[in-house]
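K.L.:
Just one file: run-v2.cif, with mmCIF, C-alpha atoms.
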```cif
data_final
#
loop_
_atom_site.group_PDB
_atom_site.id
_atom_site.type_symbol
_atom_site.label_atom_id
_atom_site.label_comp_id
_atom_site.auth_asym_id
_atom_site.auth_seq_id
_atom_site.Cartn_x
_atom_site.Cartn_y
_atom_site.Cartn_z
ATOM 1 C CA MET A 199 80.232 214.724 105.295
ATOM 2 C CA THR A 200 76.622 215.395 106.143
ATOM 3 C CA THR A 201 73.380 213.806 105.075
ATOM 4 C CA GLN A 202 69.905 215.306 105.243
ATOM 5 C CA ILE A 203 67.614 213.307 107.552
ATOM 6 C CA ILE A 204 63.838 213.571 107.578
ATOM 7 C CA SER A 205 62.288 211.779 110.546
ATOM 8 C CA LEU A 206 58.824 211.253 111.983
ATOM 9 C CA ASP A 207 57.738 210.910 115.563
ATOM 10 C CA SER A 208 54.968 208.635 116.831
ATOM 11 C CA ASP A 209 52.342 211.259 115.889
ATOM 12 C CA ALA A 210 53.683 211.454 112.302
ATOM 13 C CA ASN A 211 55.124 214.947 112.864
ATOM 14 C CA LEU A 212 58.006 215.713 110.513
ATOM 15 C CA HIS A 213 61.443 216.675 111.810
ATOM 16 C CA GLU A 214 64.396 217.722 109.685
ATOM 17 C CA SER A 215 68.025 217.436 110.691
ATOM 18 C CA VAL A 216 71.485 216.862 109.338
ATOM 19 C CA GLY A 217 73.492 213.828 110.367
ATOM 20 C CA GLU A 218 77.076 212.840 109.990
ATOM 21 C CA PHE A 219 77.622 209.137 109.474
ATOM 22 C CA PHE A 220 80.785 207.107 109.519
ATOM 23 C CA LEU A 221 81.562 203.583 108.461
ATOM 24 C CA ILE A 222 84.212 201.682 110.381
ATOM 25 C CA THR A 223 86.136 199.775 107.775
ATOM 26 C CA SER A 224 89.561 198.508 106.852
ATOM 27 C CA ALA A 225 88.988 199.278 103.157
ATOM 28 C CA GLU A 226 91.050 202.026 101.573
ATOM 29 C CA GLU A 227 88.007 203.813 100.155
ATOM 30 C CA ALA A 228 84.440 204.220 101.354
ATOM 31 C CA PRO A 229 81.933 202.048 99.509
ATOM 32 C CA GLU A 230 79.754 203.786 96.941
ATOM 33 C CA TYR A 231 76.428 204.355 98.653
ATOM 34 C CA ALA A 232 74.500 206.502 96.195
ATOM 35 C CA GLY A 233 72.790 209.509 97.752
ATOM 36 C CA PHE A 234 74.203 208.795 101.206
ATOM 37 C CA ASP A 235 77.272 210.702 102.332
ATOM 38 C CA ILE A 236 79.403 208.481 104.479
ATOM 39 C CA GLY A 237 82.838 208.986 105.960
ATOM 40 C CA VAL A 238 85.389 206.353 106.831
ATOM 41 C CA ILE A 239 86.973 205.850 110.236
ATOM 42 C CA LYS A 240 90.169 203.819 110.200
ATOM 43 C CA ALA A 241 90.586 203.935 113.973
ATOM 44 C CA ARG A 242 87.989 204.628 116.642
ATOM 45 C CA SER A 243 88.032 207.900 118.527
ATOM 46 C CA GLN A 244 86.587 208.822 121.899
ATOM 47 C CA GLY A 245 84.096 211.284 120.342
ATOM 48 C CA ASP A 246 80.357 211.036 120.548
ATOM 49 C CA SER A 247 79.718 210.615 116.813
ATOM 50 C CA THR A 248 77.197 208.070 115.664
ATOM 51 C CA LEU A 249 79.230 205.244 114.254
ATOM 52 C CA LEU A 250 77.931 202.864 111.665
ATOM 53 C CA SER A 251 79.674 199.592 111.163
ATOM 54 C CA THR A 252 79.533 196.423 109.191
ATOM 55 C CA PRO A 253 78.559 193.257 111.102
ATOM 56 C CA ASN A 254 82.210 192.154 111.043
ATOM 57 C CA ASP A 255 83.370 195.153 113.075
ATOM 58 C CA TYR A 256 80.685 196.341 115.449
ATOM 59 C CA HIS A 257 82.101 196.430 118.965
ATOM 60 C CA ASP A 258 81.585 199.692 120.877
ATOM 61 C CA THR A 259 79.371 201.213 118.218
ATOM 62 C CA ARG A 260 75.934 202.688 118.578
ATOM 63 C CA GLY A 261 74.715 202.145 115.038
ATOM 64 C CA LEU A 262 74.601 199.367 112.522
ATOM 65 C CA LEU A 263 74.570 199.642 108.743
ATOM 66 C CA LEU A 264 72.364 196.981 107.160
ATOM 67 C CA THR A 265 71.227 195.967 103.688
ATOM 68 C CA ALA A 266 68.390 193.805 102.387
ATOM 69 C CA ASP A 267 70.787 190.852 102.655
ATOM 70 C CA SER A 268 71.145 191.317 106.421
ATOM 71 C CA THR A 269 69.341 188.734 108.506
ATOM 72 C CA VAL A 270 67.631 189.029 111.864
ATOM 73 C CA SER A 271 69.957 186.390 113.297
ATOM 74 C CA GLU A 272 72.986 188.504 112.277
ATOM 75 C CA VAL A 273 71.429 191.550 113.909
ATOM 76 C CA GLN A 274 70.572 189.597 117.062
ATOM 77 C CA ALA A 275 74.179 188.361 117.272
ATOM 78 C CA VAL A 276 75.322 191.992 117.243
ATOM 79 C CA LEU A 277 72.733 193.007 119.848
ATOM 80 C CA ASP A 278 73.917 190.204 122.121
ATOM 81 C CA GLN A 279 77.347 191.851 122.247
ATOM 82 C CA ALA A 280 76.812 195.583 121.751
ATOM 83 C CA LEU A 281 74.224 198.237 122.534
ATOM 84 C CA VAL A 282 72.764 199.403 119.236
ATOM 85 C CA ASN A 283 70.118 202.104 119.116
ATOM 86 C CA LEU A 284 70.443 203.142 115.480
ATOM 87 C CA PHE A 285 69.948 201.058 112.370
ATOM 88 C CA VAL A 286 70.575 202.510 108.927
ATOM 89 C CA ILE A 287 69.258 200.288 106.189
ATOM 90 C CA TYR A 288 70.797 200.964 102.816
ATOM 91 C CA VAL A 289 68.401 200.176 99.973
ATOM 92 C CA ALA A 290 70.400 199.247 96.864
ATOM 93 C CA ASP A 291 67.362 198.896 94.596
ATOM 94 C CA PHE A 292 63.875 200.312 95.146
ATOM 95 C CA LYS A 293 62.365 197.082 93.785
ATOM 96 C CA ASP A 294 63.758 194.970 96.642
ATOM 97 C CA GLY A 295 60.859 194.457 99.054
ATOM 98 C CA ARG A 296 62.933 192.519 101.599
ATOM 99 C CA VAL A 297 63.769 195.798 103.294
ATOM 100 C CA PHE A 298 60.153 196.238 104.427
ATOM 101 C CA SER A 299 60.298 192.871 106.195
ATOM 102 C CA LEU A 300 63.663 193.712 107.745
ATOM 103 C CA VAL A 301 62.273 196.982 109.105
ATOM 104 C CA ARG A 302 59.281 195.200 110.689
ATOM 105 C CA GLN A 303 61.581 192.601 112.271
ATOM 106 C CA LEU A 304 63.949 195.271 113.610
ATOM 107 C CA ARG A 305 61.045 197.137 115.155
ATOM 108 C CA LYS A 306 59.970 193.955 116.967
ATOM 109 C CA ILE A 307 63.507 193.390 118.254
ATOM 110 C CA SER A 308 64.105 196.975 119.361
ATOM 111 C CA GLU A 309 61.038 199.142 119.885
ATOM 112 C CA GLN A 310 63.031 202.264 120.820
ATOM 113 C CA ALA A 311 65.667 202.127 118.088
ATOM 114 C CA GLU A 312 65.941 204.696 115.352
ATOM 115 C CA ILE A 313 65.561 203.044 111.952
ATOM 116 C CA ILE A 314 66.736 205.189 109.054
ATOM 117 C CA ILE A 315 66.224 204.257 105.406
ATOM 118 C CA ALA A 316 68.899 205.426 102.954
ATOM 119 C CA GLY A 317 69.917 204.750 99.385
ATOM 120 C CA GLU A 318 67.936 204.046 96.253
ATOM 121 C CA PHE A 319 64.426 203.815 97.652
ATOM 122 C CA GLY A 320 61.507 205.453 95.882
ATOM 123 C CA VAL A 321 60.409 208.567 97.738
ATOM 124 C CA ASP A 322 56.809 207.400 97.303
ATOM 125 C CA GLN A 323 57.747 204.284 99.314
ATOM 126 C CA ALA A 324 58.474 206.374 102.417
ATOM 127 C CA ALA A 325 54.936 206.019 103.804
ATOM 128 C CA TYR A 326 55.191 202.227 103.571
ATOM 129 C CA PHE A 327 58.567 202.265 105.299
ATOM 130 C CA TYR A 328 57.089 204.393 108.084
ATOM 131 C CA LYS A 329 54.138 202.028 108.464
ATOM 132 C CA SER A 330 56.601 199.127 108.606
ATOM 133 C CA GLY A 331 58.477 200.753 111.493
ATOM 134 C CA ALA A 332 61.106 203.093 110.028
ATOM 135 C CA ASN A 333 61.232 206.532 111.572
ATOM 136 C CA GLY A 334 63.822 208.342 109.482
ATOM 137 C CA PHE A 335 65.084 208.797 105.952
ATOM 138 C CA ALA A 336 68.503 209.918 104.734
ATOM 139 C CA VAL A 337 68.168 211.655 101.387
ATOM 140 C CA SER A 338 70.073 214.020 99.158
ATOM 141 C CA SER A 339 69.040 217.659 99.384
ATOM 142 C CA ASP A 340 67.259 217.596 96.007
ATOM 143 C CA LYS A 341 64.752 215.010 97.337
ATOM 144 C CA VAL A 342 63.921 216.713 100.654
ATOM 145 C CA VAL A 343 60.917 218.727 99.423
ATOM 146 C CA THR A 344 59.334 215.733 97.689
ATOM 147 C CA LEU A 345 59.941 213.449 100.670
ATOM 148 C CA LYS A 346 58.469 215.966 103.110
ATOM 149 C CA SER A 347 55.414 216.382 100.906
ATOM 150 C CA THR A 348 54.940 212.607 100.712
ATOM 151 C CA LEU A 349 55.326 212.174 104.457
ATOM 152 C CA ASP A 350 53.148 215.170 105.272
ATOM 153 C CA ASP A 351 50.187 213.187 103.910
ATOM 154 C CA LEU A 352 50.745 210.690 106.740
ATOM 155 C CA LYS A 353 49.758 213.289 109.314
ATOM 156 C CA THR A 354 46.208 213.410 107.944
ATOM 157 C CA ALA A 355 45.915 209.639 107.699
ATOM 158 C CA HIS A 356 47.532 209.154 111.116
ATOM 159 C CA ALA A 357 45.026 211.458 112.791
ATOM 160 C CA GLY A 358 42.160 209.677 111.050
ATOM 161 C CA THR A 359 40.756 212.915 109.686
ATOM 162 C CA SER A 360 40.583 211.790 106.070
ATOM 163 C CA ALA A 361 38.781 208.517 106.850
ATOM 164 C CA GLY A 362 36.525 210.170 109.406
ATOM 165 C CA ALA A 363 35.385 212.747 106.855
ATOM 166 C CA LEU A 364 33.718 210.162 104.648
ATOM 167 C CA PRO A 365 29.902 210.110 104.938
ATOM 168 C CA MET A 366 29.772 206.423 105.856
ATOM 169 C CA PHE A 367 31.781 207.124 109.047
ATOM 170 C CA ARG A 368 29.567 209.946 110.300
#
```
Can the structure in the file be given as structure tokens, please?

P.N.:
Amino acid sequence: MTTQIISLDSDANLHESVGEFFLITSAEEAPEYAGFDIGVIKARSQGDSTLLSTPNDYHDTRGLLLTADSTVSEVQAVLDQALVNLFVIYVADFKDGRVFSLVRQLRKISEQAEIIIAGEFGVDQAAYFYKSGANGFAVSSDKVVTLKSTLDDLKTAHAGTSAGALPMFR
């Protein structure tokens, strides 16, 4: 299973890639994460895949799947025991603003981590997620063009060209 990922670097340049994500779980079926293709691993392998896990089963993983209900103390408990350089935050409802706070807190905890937003977020919210500290978005292929267009506007704002063009700044 693959998911389209749109990411931004520190200069707000867009990058497009495809990622394969797995959830380590004991459940018989993968949870329903709308718009986010996710596979299930019943037993760990020695491969170099990015593994996502729930906080109950995180040892030897490099990624952590979080929701708006996840707390910083839960994340810190994981980081105390395992190296995590990827956080995927699943947004269940675009009206839940707690995710913005979680992203800011994660960025403070781990400056170099990749923070990917997935799920039911509004594509127009992507700029706010980026400003909060997220640097990637997992979206279905039908939303890629709209997301890239939304994020492309950040390049102008990031460079300061739009604000600098106003007469009062000359």

K.L.:
With distances taken over all atoms listed in the file, which of A:Ala332, A:Thr348, A:Val297, A:Ala290 is nearest to Gln310 (chain A)?

P.N.:
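Under the stated criterion, the closest residue is A:Ala332.
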
K.L.:
Decode the PyMOL selection byres ((chain A and resi 284) around 7) for the given file into explicit residues and return them as a PyMOL selection string.

P.N.:
chain A and resi 260-262+282-283+285-286+311-313

K.L.:
Any chance you could work out the axis-aligned box around region 303-308 of chain A, listed atoms only, 8 Å on each side, giving centre and edge lengths in Å to one decimal, as lines of an AutoDock Vina configuration file?

P.N.:
```
center_x = 62.0
center_y = 194.9
center_z = 115.8
size_x = 20.1
size_y = 20.5
size_z = 23.1
```

K.L.:
Which residues would end up in the selection if the PyMOL selection byres ((chain A and resi 289) around 6) were applied here, given that I need the answer as a ChimeraX atom specification?

P.N.:
/A:288,290-291,317-319

K.L.:
Suppose you want the space between CA of Ser308 (chain A) and CA of Ser339 (chain A); what is it in Å?

P.N.:
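Interatomic distance here is 29.2 Å.
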
K.L.:
Going by the chain IDs and residue numbers used in this file, which residues fall under the PyMOL selection byres ((chain A and resi 265-279) around 8)? Write them as a VMD selection string.

P.N.:
chain A and resid 253 256 to 257 263 to 264 280 to 282 287 to 290 294 296 to 297 300 303 to 304

K.L.:
Residues at most 7 Å from Glu214 (chain A), counting only C-alpha atoms, excluding those fewer than 2 positions away in the same chain, as a ChimeraX atom specification?

P.N.:
/A:203-205,212

K.L.:
Write the residues you've just listed into a file as a PDB file, keeping the file's coordinate frame, and include C-alpha atoms for each of them.

P.N.:
```
ATOM      1  CA  ILE A 203      67.614 213.307 107.552  1.00  0.00           C
ATOM      2  CA  ILE A 204      63.838 213.571 107.578  1.00  0.00           C
ATOM      3  CA  SER A 205      62.288 211.779 110.546  1.00  0.00           C
ATOM      4  CA  LEU A 212      58.006 215.713 110.513  1.00  0.00           C
TER       5      LEU A 212
END
```

K.L.:
To one decimal place, how far is CA of Val343 (chain A) from CA of Arg302 (chain A) in Å?

P.N.:
26.1 Å

K.L.:
Do you know which residues are at most 10 Å from Leu206 (chain A) counting all atoms listed in the file, after dropping those on the same chain fewer than 3 positions away, and could you put them as number ranges by chain?

P.N.:
A: 209-214, 328, 332-335, 349-350, 352-353
